[in-house]
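Okay, my_file.csv now, which holds CSV, C-alpha atoms:
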chain,number,residue,atom,x,y,z
A,1,MET,CA,-57.2,67.1,135.5
A,2,THR,CA,-60.9,66.8,136.2
A,3,ALA,CA,-61.2,63.1,136.9
A,4,ASN,CA,-60.4,61.5,140.3
A,5,ARG,CA,-57.4,59.2,139.9
A,6,SER,CA,-57.8,57.5,143.3
A,7,PHE,CA,-58.9,53.9,143.2
A,8,PRO,CA,-61.8,53.6,140.8
A,9,SER,CA,-65.3,52.8,141.8
A,10,ARG,CA,-66.1,49.1,141.3
A,11,VAL,CA,-68.4,49.6,138.3
A,12,LEU,CA,-68.4,48.3,134.8
A,13,ALA,CA,-70.2,50.0,132.0
A,14,LEU,CA,-72.2,47.6,129.8
A,15,ALA,CA,-73.0,48.8,126.3
A,16,GLY,CA,-73.0,52.4,127.6
A,17,LEU,CA,-76.4,51.8,129.2
A,18,ALA,CA,-76.7,49.4,132.1
A,19,LEU,CA,-74.3,49.3,135.1
A,20,LEU,CA,-73.3,46.1,136.8
A,21,VAL,CA,-71.6,46.2,140.3
A,22,LEU,CA,-69.3,43.3,140.8
A,23,SER,CA,-67.6,42.0,143.9
A,24,PRO,CA,-63.8,42.0,144.1
A,25,ALA,CA,-63.8,38.1,143.8
A,26,ALA,CA,-65.4,38.4,140.3
A,27,TRP,CA,-62.6,40.5,138.9
A,28,ALA,CA,-59.5,38.4,139.4
A,29,GLU,CA,-57.9,35.6,141.3
A,30,PRO,CA,-54.6,36.2,143.4
A,31,THR,CA,-51.5,35.6,141.4
A,32,GLN,CA,-49.9,32.2,141.5
A,33,TYR,CA,-46.1,32.2,141.5
A,34,PRO,CA,-43.9,31.5,139.6
A,35,LEU,CA,-45.7,33.7,137.0
A,36,THR,CA,-44.4,33.7,133.4
A,37,LEU,CA,-45.6,36.4,131.0
A,38,ARG,CA,-44.9,36.7,127.3
A,39,ASN,CA,-43.8,40.4,126.9
A,40,CYS,CA,-42.6,41.9,123.6
A,41,GLY,CA,-41.4,38.5,122.4
A,42,VAL,CA,-39.6,37.5,125.6
A,43,ASP,CA,-40.8,35.2,128.4
A,44,VAL,CA,-40.4,36.9,131.8
A,45,THR,CA,-40.8,34.9,135.0
A,46,PHE,CA,-41.4,36.2,138.5
A,47,ASP,CA,-41.0,34.0,141.6
A,48,HIS,CA,-42.7,36.6,143.8
A,49,ALA,CA,-44.2,40.1,143.6
A,50,PRO,CA,-41.4,42.5,143.0
A,51,ARG,CA,-40.4,44.5,146.2
A,52,ARG,CA,-38.3,47.0,144.3
A,53,ALA,CA,-39.1,48.4,140.8
A,54,VAL,CA,-37.5,51.0,138.6
A,55,SER,CA,-39.9,52.6,136.0
A,56,ILE,CA,-38.3,54.2,132.9
A,57,GLY,CA,-41.0,56.3,131.4
A,58,GLN,CA,-43.7,58.5,132.8
A,59,SER,CA,-46.6,56.4,131.6
A,60,SER,CA,-45.2,53.2,133.3
A,61,THR,CA,-44.6,55.2,136.5
A,62,GLU,CA,-48.2,56.5,136.5
A,63,ILE,CA,-49.7,53.1,135.9
A,64,LEU,CA,-47.8,51.7,138.9
A,65,LEU,CA,-48.9,54.7,141.0
A,66,ALA,CA,-52.5,54.2,139.8
A,67,LEU,CA,-52.3,50.6,141.0
A,68,GLY,CA,-51.3,51.7,144.5
A,69,LEU,CA,-47.7,50.5,144.2
A,70,ALA,CA,-45.8,53.7,145.2
A,71,ASP,CA,-44.1,51.9,148.0
A,72,ARG,CA,-42.5,49.4,145.5
A,73,ILE,CA,-41.0,52.1,143.2
A,74,VAL,CA,-37.4,52.8,144.0
A,75,GLY,CA,-36.5,55.0,141.0
A,76,THR,CA,-38.0,56.7,138.0
A,77,ALA,CA,-36.8,58.4,134.8
A,78,VAL,CA,-38.0,59.9,131.5
A,79,TRP,CA,-40.5,62.6,132.3
A,80,PHE,CA,-42.4,64.9,130.0
A,81,GLY,CA,-44.2,66.9,132.6
A,82,PRO,CA,-45.6,66.8,136.2
A,83,VAL,CA,-47.0,63.6,137.6
A,84,LEU,CA,-50.8,63.3,137.8
A,85,LYS,CA,-52.0,65.5,140.7
A,86,ASP,CA,-53.4,62.6,142.7
A,87,TYR,CA,-49.9,61.1,142.9
A,88,GLU,CA,-47.8,64.2,143.7
A,89,ALA,CA,-47.3,63.4,147.3
A,90,ALA,CA,-46.4,59.7,146.7
A,91,ASN,CA,-44.2,60.5,143.7
A,92,ALA,CA,-42.2,63.2,145.6
A,93,LYS,CA,-40.8,60.4,147.9
A,94,ILE,CA,-39.5,58.4,145.0
A,95,PRO,CA,-35.9,59.0,143.7
A,96,ARG,CA,-35.8,60.4,140.2
A,97,LEU,CA,-32.8,58.9,138.5
A,98,ALA,CA,-33.0,61.2,135.5
A,99,ASP,CA,-35.4,63.5,133.7
A,100,ASN,CA,-34.5,61.7,130.4
A,101,ASP,CA,-32.5,58.5,129.9
A,102,PRO,CA,-30.9,57.1,133.1
A,103,SER,CA,-27.6,55.3,133.1
A,104,PHE,CA,-27.5,51.5,133.3
A,105,GLU,CA,-25.5,51.9,136.5
A,106,SER,CA,-28.0,54.2,138.2
A,107,VAL,CA,-30.8,51.7,137.5
A,108,VAL,CA,-28.9,48.6,138.6
A,109,GLY,CA,-27.7,50.6,141.7
A,110,ARG,CA,-31.3,50.7,142.9
A,111,GLU,CA,-31.3,46.9,143.2
A,112,PRO,CA,-34.6,46.5,141.3
A,113,GLU,CA,-36.5,43.2,141.0
A,114,LEU,CA,-38.3,44.7,138.0
A,115,VAL,CA,-37.4,47.3,135.4
A,116,ALA,CA,-40.5,48.6,133.6
A,117,ALA,CA,-40.0,50.6,130.5
A,118,GLN,CA,-42.4,52.7,128.5
A,119,TYR,CA,-40.3,52.6,125.3
A,120,GLU,CA,-38.5,49.7,123.7
A,121,TRP,CA,-35.5,51.9,122.8
A,122,HIS,CA,-34.6,52.1,126.4
A,123,VAL,CA,-34.3,48.4,127.2
A,124,GLY,CA,-34.8,46.7,123.8
A,125,PRO,CA,-32.2,45.2,121.4
A,126,GLN,CA,-30.4,48.6,121.1
A,127,GLY,CA,-31.4,49.7,124.5
A,128,SER,CA,-30.1,53.2,125.3
A,129,VAL,CA,-30.2,52.3,129.0
A,130,GLY,CA,-29.3,48.6,128.7
A,131,THR,CA,-30.6,45.6,126.8
A,132,ARG,CA,-32.9,43.0,128.3
A,133,GLU,CA,-30.0,40.5,128.2
A,134,GLN,CA,-27.8,42.8,130.3
A,135,PHE,CA,-30.5,43.1,132.9
A,136,ALA,CA,-31.3,39.4,132.8
A,137,ALA,CA,-27.6,38.6,133.3
A,138,LEU,CA,-28.0,40.3,136.7
A,139,GLY,CA,-31.2,38.5,137.5
A,140,ILE,CA,-33.3,41.5,136.8
A,141,PRO,CA,-36.5,40.9,134.8
A,142,THR,CA,-37.7,43.6,132.4
A,143,TYR,CA,-41.2,44.6,131.2
A,144,ILE,CA,-41.8,46.8,128.1
A,145,SER,CA,-45.1,48.5,127.5
A,146,PRO,CA,-47.0,46.4,124.9
A,147,ALA,CA,-48.1,49.6,123.2
A,148,ASP,CA,-44.5,50.2,122.1
A,149,CYS,CA,-43.8,46.8,120.6
A,150,VAL,CA,-47.0,45.2,119.3
A,151,ALA,CA,-47.4,45.8,115.6
A,152,LYS,CA,-44.7,48.5,115.8
A,153,ASP,CA,-41.2,48.5,114.2
A,154,ASN,CA,-38.6,50.3,116.3
A,155,SER,CA,-35.6,49.0,114.4
A,156,GLY,CA,-35.1,52.1,112.3
A,157,GLY,CA,-34.5,54.5,115.2
A,158,GLY,CA,-36.6,57.6,115.9
A,159,ASP,CA,-40.1,57.1,117.2
A,160,GLY,CA,-40.6,53.9,115.2
A,161,VAL,CA,-43.2,52.9,112.6
A,162,ARG,CA,-46.6,51.7,113.8
A,163,LYS,CA,-48.0,49.0,111.5
A,164,GLN,CA,-51.6,49.1,112.7
A,165,LEU,CA,-53.8,51.5,114.6
A,166,PHE,CA,-53.1,51.8,118.3
A,167,SER,CA,-55.8,50.7,120.7
A,168,MET,CA,-56.2,51.4,124.4
A,169,ASP,CA,-56.5,47.6,124.7
A,170,LEU,CA,-52.6,47.6,124.7
A,171,VAL,CA,-52.6,50.0,127.7
A,172,TYR,CA,-55.2,47.8,129.4
A,173,GLN,CA,-53.0,44.8,128.8
A,174,GLU,CA,-50.1,46.6,130.5
A,175,ILE,CA,-52.3,47.5,133.4
A,176,ARG,CA,-53.4,43.9,133.8
A,177,ASP,CA,-49.9,42.5,133.3
A,178,LEU,CA,-48.4,44.8,135.9
A,179,ALA,CA,-51.3,44.1,138.3
A,180,ARG,CA,-50.7,40.3,138.0
A,181,ILE,CA,-46.9,40.7,138.4
A,182,PHE,CA,-47.6,42.6,141.7
A,183,ASP,CA,-50.5,40.4,142.8
A,184,VAL,CA,-53.0,43.3,142.7
A,185,ALA,CA,-55.2,42.0,139.8
A,186,ASP,CA,-58.4,43.4,141.4
A,187,ARG,CA,-57.0,46.9,141.3
A,188,GLY,CA,-56.0,46.4,137.7
A,189,GLU,CA,-59.5,45.3,136.7
A,190,ALA,CA,-61.0,48.3,138.6
A,191,LEU,CA,-58.7,50.7,136.8
A,192,VAL,CA,-59.5,49.3,133.4
A,193,ALA,CA,-63.2,49.4,134.1
A,194,GLU,CA,-63.0,53.1,135.1
A,195,LEU,CA,-61.0,54.1,132.0
A,196,ARG,CA,-63.4,52.2,129.7
A,197,GLN,CA,-66.3,54.0,131.2
A,198,ARG,CA,-64.7,57.4,130.7
A,199,GLU,CA,-63.9,56.5,127.1
A,200,ALA,CA,-67.5,55.6,126.4
A,201,ALA,CA,-68.9,58.8,128.0
A,202,ALA,CA,-66.5,61.0,126.0
A,203,ILE,CA,-67.5,59.3,122.7
A,204,ALA,CA,-71.2,59.6,123.5
A,205,SER,CA,-70.8,63.4,124.2
A,206,VAL,CA,-70.0,64.0,120.5
A,207,ALA,CA,-72.1,61.3,119.0
A,208,GLY,CA,-73.8,63.6,116.5
A,209,GLN,CA,-72.7,63.7,112.8
A,210,GLN,CA,-71.3,67.2,112.7
A,211,ALA,CA,-67.9,66.1,113.8
A,212,ARG,CA,-67.7,63.2,111.3
A,213,GLY,CA,-64.7,63.6,109.1
A,214,VAL,CA,-63.5,66.9,110.5
A,215,PRO,CA,-59.8,67.2,109.6
A,216,VAL,CA,-57.4,67.5,112.5
A,217,VAL,CA,-53.6,67.7,113.0
A,218,PHE,CA,-51.8,66.9,116.2
A,219,TRP,CA,-48.6,69.0,116.7
A,220,PHE,CA,-46.1,67.6,119.2
A,221,SER,CA,-43.1,69.9,118.7
A,222,SER,CA,-40.5,71.1,116.2
A,223,LYS,CA,-36.7,71.1,116.2
A,224,GLU,CA,-36.9,74.6,114.9
A,225,VAL,CA,-40.0,76.7,115.5
A,226,ALA,CA,-40.3,77.8,111.9
A,227,GLY,CA,-39.1,74.5,110.5
A,228,GLU,CA,-40.9,71.2,110.0
A,229,ALA,CA,-43.2,70.0,112.7
A,230,PHE,CA,-43.4,66.7,114.5
A,231,VAL,CA,-47.0,65.7,113.9
A,232,ALA,CA,-49.0,62.6,114.6
A,233,GLY,CA,-49.0,59.8,112.0
A,234,ARG,CA,-52.0,57.8,111.1
A,235,ASN,CA,-51.7,54.9,113.5
A,236,GLY,CA,-50.6,56.3,116.9
A,237,VAL,CA,-52.6,57.4,119.9
A,238,PRO,CA,-53.9,60.7,118.3
A,239,ALA,CA,-55.2,58.6,115.4
A,240,TYR,CA,-57.0,56.4,117.9
A,241,ILE,CA,-58.5,59.4,119.6
A,242,LEU,CA,-59.7,60.7,116.2
A,243,GLN,CA,-61.2,57.4,115.2
A,244,GLN,CA,-63.1,57.2,118.5
A,245,LEU,CA,-64.6,60.6,118.0
A,246,GLY,CA,-65.2,60.3,114.3
A,247,ALA,CA,-62.8,63.0,113.2
A,248,ARG,CA,-60.0,62.6,110.6
A,249,ASN,CA,-56.2,62.8,110.7
A,250,VAL,CA,-54.7,65.0,107.9
A,251,ILE,CA,-51.5,63.0,108.1
A,252,THR,CA,-51.4,59.5,106.5
A,253,THR,CA,-47.9,58.2,107.1
A,254,GLU,CA,-47.2,55.2,109.3
A,255,GLU,CA,-44.4,56.9,111.1
A,256,GLU,CA,-45.2,57.6,114.7
A,257,TRP,CA,-44.2,61.3,114.7
A,258,PRO,CA,-43.1,62.3,111.2
A,259,LEU,CA,-41.5,65.7,110.4
A,260,VAL,CA,-43.9,67.5,108.1
A,261,SER,CA,-43.7,71.0,106.5
A,262,TRP,CA,-46.2,73.7,107.3
A,263,GLU,CA,-46.8,74.0,103.6
A,264,ARG,CA,-48.0,70.4,103.5
A,265,ILE,CA,-50.1,70.9,106.7
A,266,ALA,CA,-51.6,74.1,105.1
A,267,ALA,CA,-52.5,72.2,101.9
A,268,ALA,CA,-54.6,69.8,104.1
A,269,ASP,CA,-56.1,72.9,106.0
A,270,PRO,CA,-57.1,71.2,109.3
A,271,ALA,CA,-60.2,72.5,111.0
A,272,ILE,CA,-58.7,71.8,114.4
A,273,ILE,CA,-55.0,71.9,115.6
A,274,VAL,CA,-54.2,69.9,118.7
A,275,MET,CA,-50.9,71.0,120.3
A,276,ALA,CA,-48.9,69.2,123.0
A,277,GLU,CA,-48.3,70.9,126.3
A,278,MET,CA,-45.2,69.8,128.3
A,279,SER,CA,-42.6,71.0,130.7
A,280,ARG,CA,-39.8,69.3,128.7
A,281,ARG,CA,-37.6,71.9,126.9
A,282,ARG,CA,-35.6,69.8,124.5
A,283,TYR,CA,-36.8,71.8,121.5
A,284,PRO,CA,-38.0,75.5,121.4
A,285,ALA,CA,-41.5,74.4,120.2
A,286,ASP,CA,-41.9,72.3,123.4
A,287,ASP,CA,-43.2,75.5,124.8
A,288,THR,CA,-46.9,76.0,124.2
A,289,ALA,CA,-46.5,79.8,124.2
A,290,VAL,CA,-43.9,79.5,121.4
A,291,LYS,CA,-46.3,77.3,119.4
A,292,LEU,CA,-49.1,79.8,119.7
A,293,ASN,CA,-46.9,82.8,118.7
A,294,PHE,CA,-45.7,80.9,115.7
A,295,LEU,CA,-49.3,80.1,114.5
A,296,ALA,CA,-50.3,83.8,114.9
A,297,THR,CA,-47.3,85.2,113.1
A,298,ASP,CA,-46.1,82.7,110.5
A,299,PRO,CA,-47.3,83.7,107.0
A,300,VAL,CA,-48.3,80.2,106.1
A,301,ALA,CA,-49.7,78.8,109.4
A,302,SER,CA,-51.6,82.0,110.3
A,303,ARG,CA,-53.8,81.4,107.3
A,304,LEU,CA,-55.1,78.0,108.4
A,305,GLU,CA,-58.8,77.8,109.1
A,306,ALA,CA,-58.0,76.4,112.6
A,307,VAL,CA,-55.9,79.5,113.4
A,308,ARG,CA,-58.3,82.0,111.9
A,309,ASP,CA,-61.2,80.5,113.9
A,310,ASN,CA,-59.2,79.8,117.0
A,311,ARG,CA,-60.0,76.1,116.8
A,312,ILE,CA,-56.9,75.1,118.9
A,313,VAL,CA,-56.9,72.4,121.6
A,314,VAL,CA,-54.0,72.4,124.1
A,315,MET,CA,-53.5,68.8,125.3
A,316,ASP,CA,-51.1,67.3,127.8
A,317,VAL,CA,-48.4,65.6,125.9
A,318,GLN,CA,-48.9,62.3,127.8
A,319,ALA,CA,-52.5,62.2,126.5
A,320,MET,CA,-50.9,61.8,123.0
A,321,GLN,CA,-48.8,58.9,124.2
A,322,PRO,CA,-49.8,55.2,124.9
A,323,SER,CA,-50.7,55.8,128.5
A,324,ILE,CA,-53.7,56.0,130.9
A,325,ARG,CA,-53.8,59.7,130.0
A,326,ALA,CA,-54.9,58.9,126.4
A,327,VAL,CA,-58.4,58.8,127.9
A,328,ASP,CA,-57.8,62.4,129.0
A,329,GLY,CA,-57.0,63.1,125.4
A,330,ILE,CA,-60.3,61.7,124.2
A,331,GLU,CA,-62.1,63.8,126.8
A,332,ALA,CA,-60.1,67.0,125.9
A,333,LEU,CA,-60.7,66.8,122.2
A,334,ALA,CA,-64.4,65.9,122.7
A,335,ARG,CA,-64.7,69.1,124.8
A,336,GLY,CA,-63.0,71.1,122.1
A,337,ILE,CA,-65.2,69.7,119.3
A,338,LYS,CA,-68.3,70.6,121.3
A,339,SER,CA,-67.0,74.1,122.2
A,340,PHE,CA,-66.3,74.7,118.4
A,341,GLY,CA,-69.9,73.8,117.6
A,342,LEU,CA,-68.9,70.6,115.8
A,343,GLY,CA,-70.3,68.0,118.3
A,344,GLY,CA,-73.6,66.3,118.6

Would you write out, as structure tokens, the structure that this file holds?
Amino acid sequence: MTANRSFPSRVLALAGLALLVLSPAAWAEPTQYPLTLRNCGVDVTFDHAPRRAVSIGQSSTEILLALGLADRIVGTAVWFGPVLKDYEAANAKIPRLADNDPSFESVVGREPELVAAQYEWHVGPQGSVGTREQFAALGIPTYISPADCVAKDNSGGGDGVRKQLFSMDLVYQEIRDLARIFDVADRGEALVAELRQREAAAIASVAGQQARGVPVVFWFSSKEVAGEAFVAGRNGVPAYILQQLGARNVITTEEEWPLVSWERIAAADPAIIVMAEMSRRRYPADDTAVKLNFLATDPVASRLEAVRDNRIVVMDVQAMQPSIRAVDGIEALARGIKSFGLGG
């Protein structure tokens, strides 16, 4: 990572041109308890700032760490890769309940005053960890990332169907909500301001017209290396990244991560392939080296323009997820577009 993830400078970018320095008092007022928030269709009330929190999902954990709340986190789960470098020392002191889904008992056993979840399938109506009702019965409030429930249908299983284009505003809402819950609203506003500023800078770096409409495919993984690939649908984080930079997704389905054949991908002939890098090893193609070897040797994939011209961008998997790292994804693809001679 190239950007500093310590507390952001107190600067807001206005129209990408002028900078306005604000005092902390101008950002947000202290939280007044009891605080009630509407979250994914449920009213959640807090009588005080949670002293103990369990975060189920790497993105939720990293937001809490970015808000300076490491001392409140008593357990984490669902990890795709290493934590952001700035938080390695703090994260090492926090118990990891599971790399993937934790048990209900392990979460409750940490005696949390908040359970924050990145994905609805963990604590939603069919929660694989537990339902919101189960936690509420024990007096434990839950918070689900808005990015996983707003204009998104998770009732059919899998990764869900996103009904409208993802926006970083959903991540910014989560940052602000969690900051209010923990009475650190000023830190939340500072973090949002920094991320917005970085977004604007990355977009400006490829503002020329050469990249307009360039076809791109985002490859997450594959159950079988030579089989169908999990690629990004038209409304998820990758689609947002492409929209911001003016490029075009070759996949048009509303599914979050549909399985698509390489013959179909080849027919679209993307000019750039963005592939996910992760330490998770659920599927063989989770390994970046395996992905690259497949592209070089497969009789269909090896003929793609992106493979022939080595227009491949390796991106951290969390940058393809609704998270603070999505801004890293915008920056990474912007650098790739410029290095391929497609930027402004």

Would you work out the distance separating atom CA of A:Asp148 from atom CA of A:Gly236, expressed in Å to one decimal?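 Between these atoms lies a distance of 10.1 Å.
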
For A:Leu114, which of A:Val129, A:Ile73, A:Ile94, A:Ile324 is the closest residue, counting all atoms listed in the file?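 Checking each candidate against A:Leu114, we get A:Ile73 as the closest.
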
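Closest to A:Ser221 among A:Gln134, A:Thr76, A:Thr288, A:Gln173 is A:Thr288, based on only C-alpha atoms.
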
For stretch 195-243 of chain A against stretch 292-315 of chain A, with a cut-off of 12 Å and counting only C-alpha atoms, what is the closest atom pair and its distance in Å to one decimal for every residue that makes the cut, ordered by chain and number, as JSON lines?
{"residue": "A:Val214", "atom": "CA", "partner": "A:Ala306", "partner_atom": "CA", "distance": 11.2}
{"residue": "A:Pro215", "atom": "CA", "partner": "A:Ala306", "partner_atom": "CA", "distance": 9.8}
{"residue": "A:Val216", "atom": "CA", "partner": "A:Ala306", "partner_atom": "CA", "distance": 8.9}
{"residue": "A:Val217", "atom": "CA", "partner": "A:Ala306", "partner_atom": "CA", "distance": 9.8}
{"residue": "A:Phe218", "atom": "CA", "partner": "A:Val313", "partner_atom": "CA", "distance": 9.2}
{"residue": "A:Trp219", "atom": "CA", "partner": "A:Val314", "partner_atom": "CA", "distance": 9.8}
{"residue": "A:Phe220", "atom": "CA", "partner": "A:Met315", "partner_atom": "CA", "distance": 9.7}
{"residue": "A:Ser221", "atom": "CA", "partner": "A:Leu292", "partner_atom": "CA", "distance": 11.6}
{"residue": "A:Ser222", "atom": "CA", "partner": "A:Phe294", "partner_atom": "CA", "distance": 11.1}
{"residue": "A:Glu224", "atom": "CA", "partner": "A:Phe294", "partner_atom": "CA", "distance": 10.9}
{"residue": "A:Val225", "atom": "CA", "partner": "A:Phe294", "partner_atom": "CA", "distance": 7.1}
{"residue": "A:Ala226", "atom": "CA", "partner": "A:Phe294", "partner_atom": "CA", "distance": 7.3}
{"residue": "A:Gly227", "atom": "CA", "partner": "A:Phe294", "partner_atom": "CA", "distance": 10.6}
{"residue": "A:Glu228", "atom": "CA", "partner": "A:Ala301", "partner_atom": "CA", "distance": 11.6}
{"residue": "A:Ala229", "atom": "CA", "partner": "A:Ala301", "partner_atom": "CA", "distance": 11.4}
{"residue": "A:Pro238", "atom": "CA", "partner": "A:Met315", "partner_atom": "CA", "distance": 10.7}

Quick one, how far is atom CA of A:Lys223 from atom CA of A:Leu259?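 Value for the atom CA of A:Lys223-atom CA of A:Leu259 distance: 9.3 Å.
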
Within 10 Å of (-48.5, 55.6, 133.3) (file coordinates; all atoms listed in the file), which protein or nucleic acid residues are there? I'd like them as a count of residues only. 26

Give as a ChimeraX atom specification each residue that has an atom at most 12 Å from (-62.1, 68.6, 126.2) in the file, counting all atoms listed in the file. /A:1-2,202-203,205-206,241,245,274,312-316,319,327-340,343

Between A:Ala49, A:Val231, A:Ala239, A:Val54, which is the closest to A:Ala276 once you count only C-alpha atoms?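 Result for the nearest residue to A:Ala276: A:Val231.
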
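For the pair atom CA of A:Ala200 and atom CA of A:Leu342, the separation is 18.4 Å.
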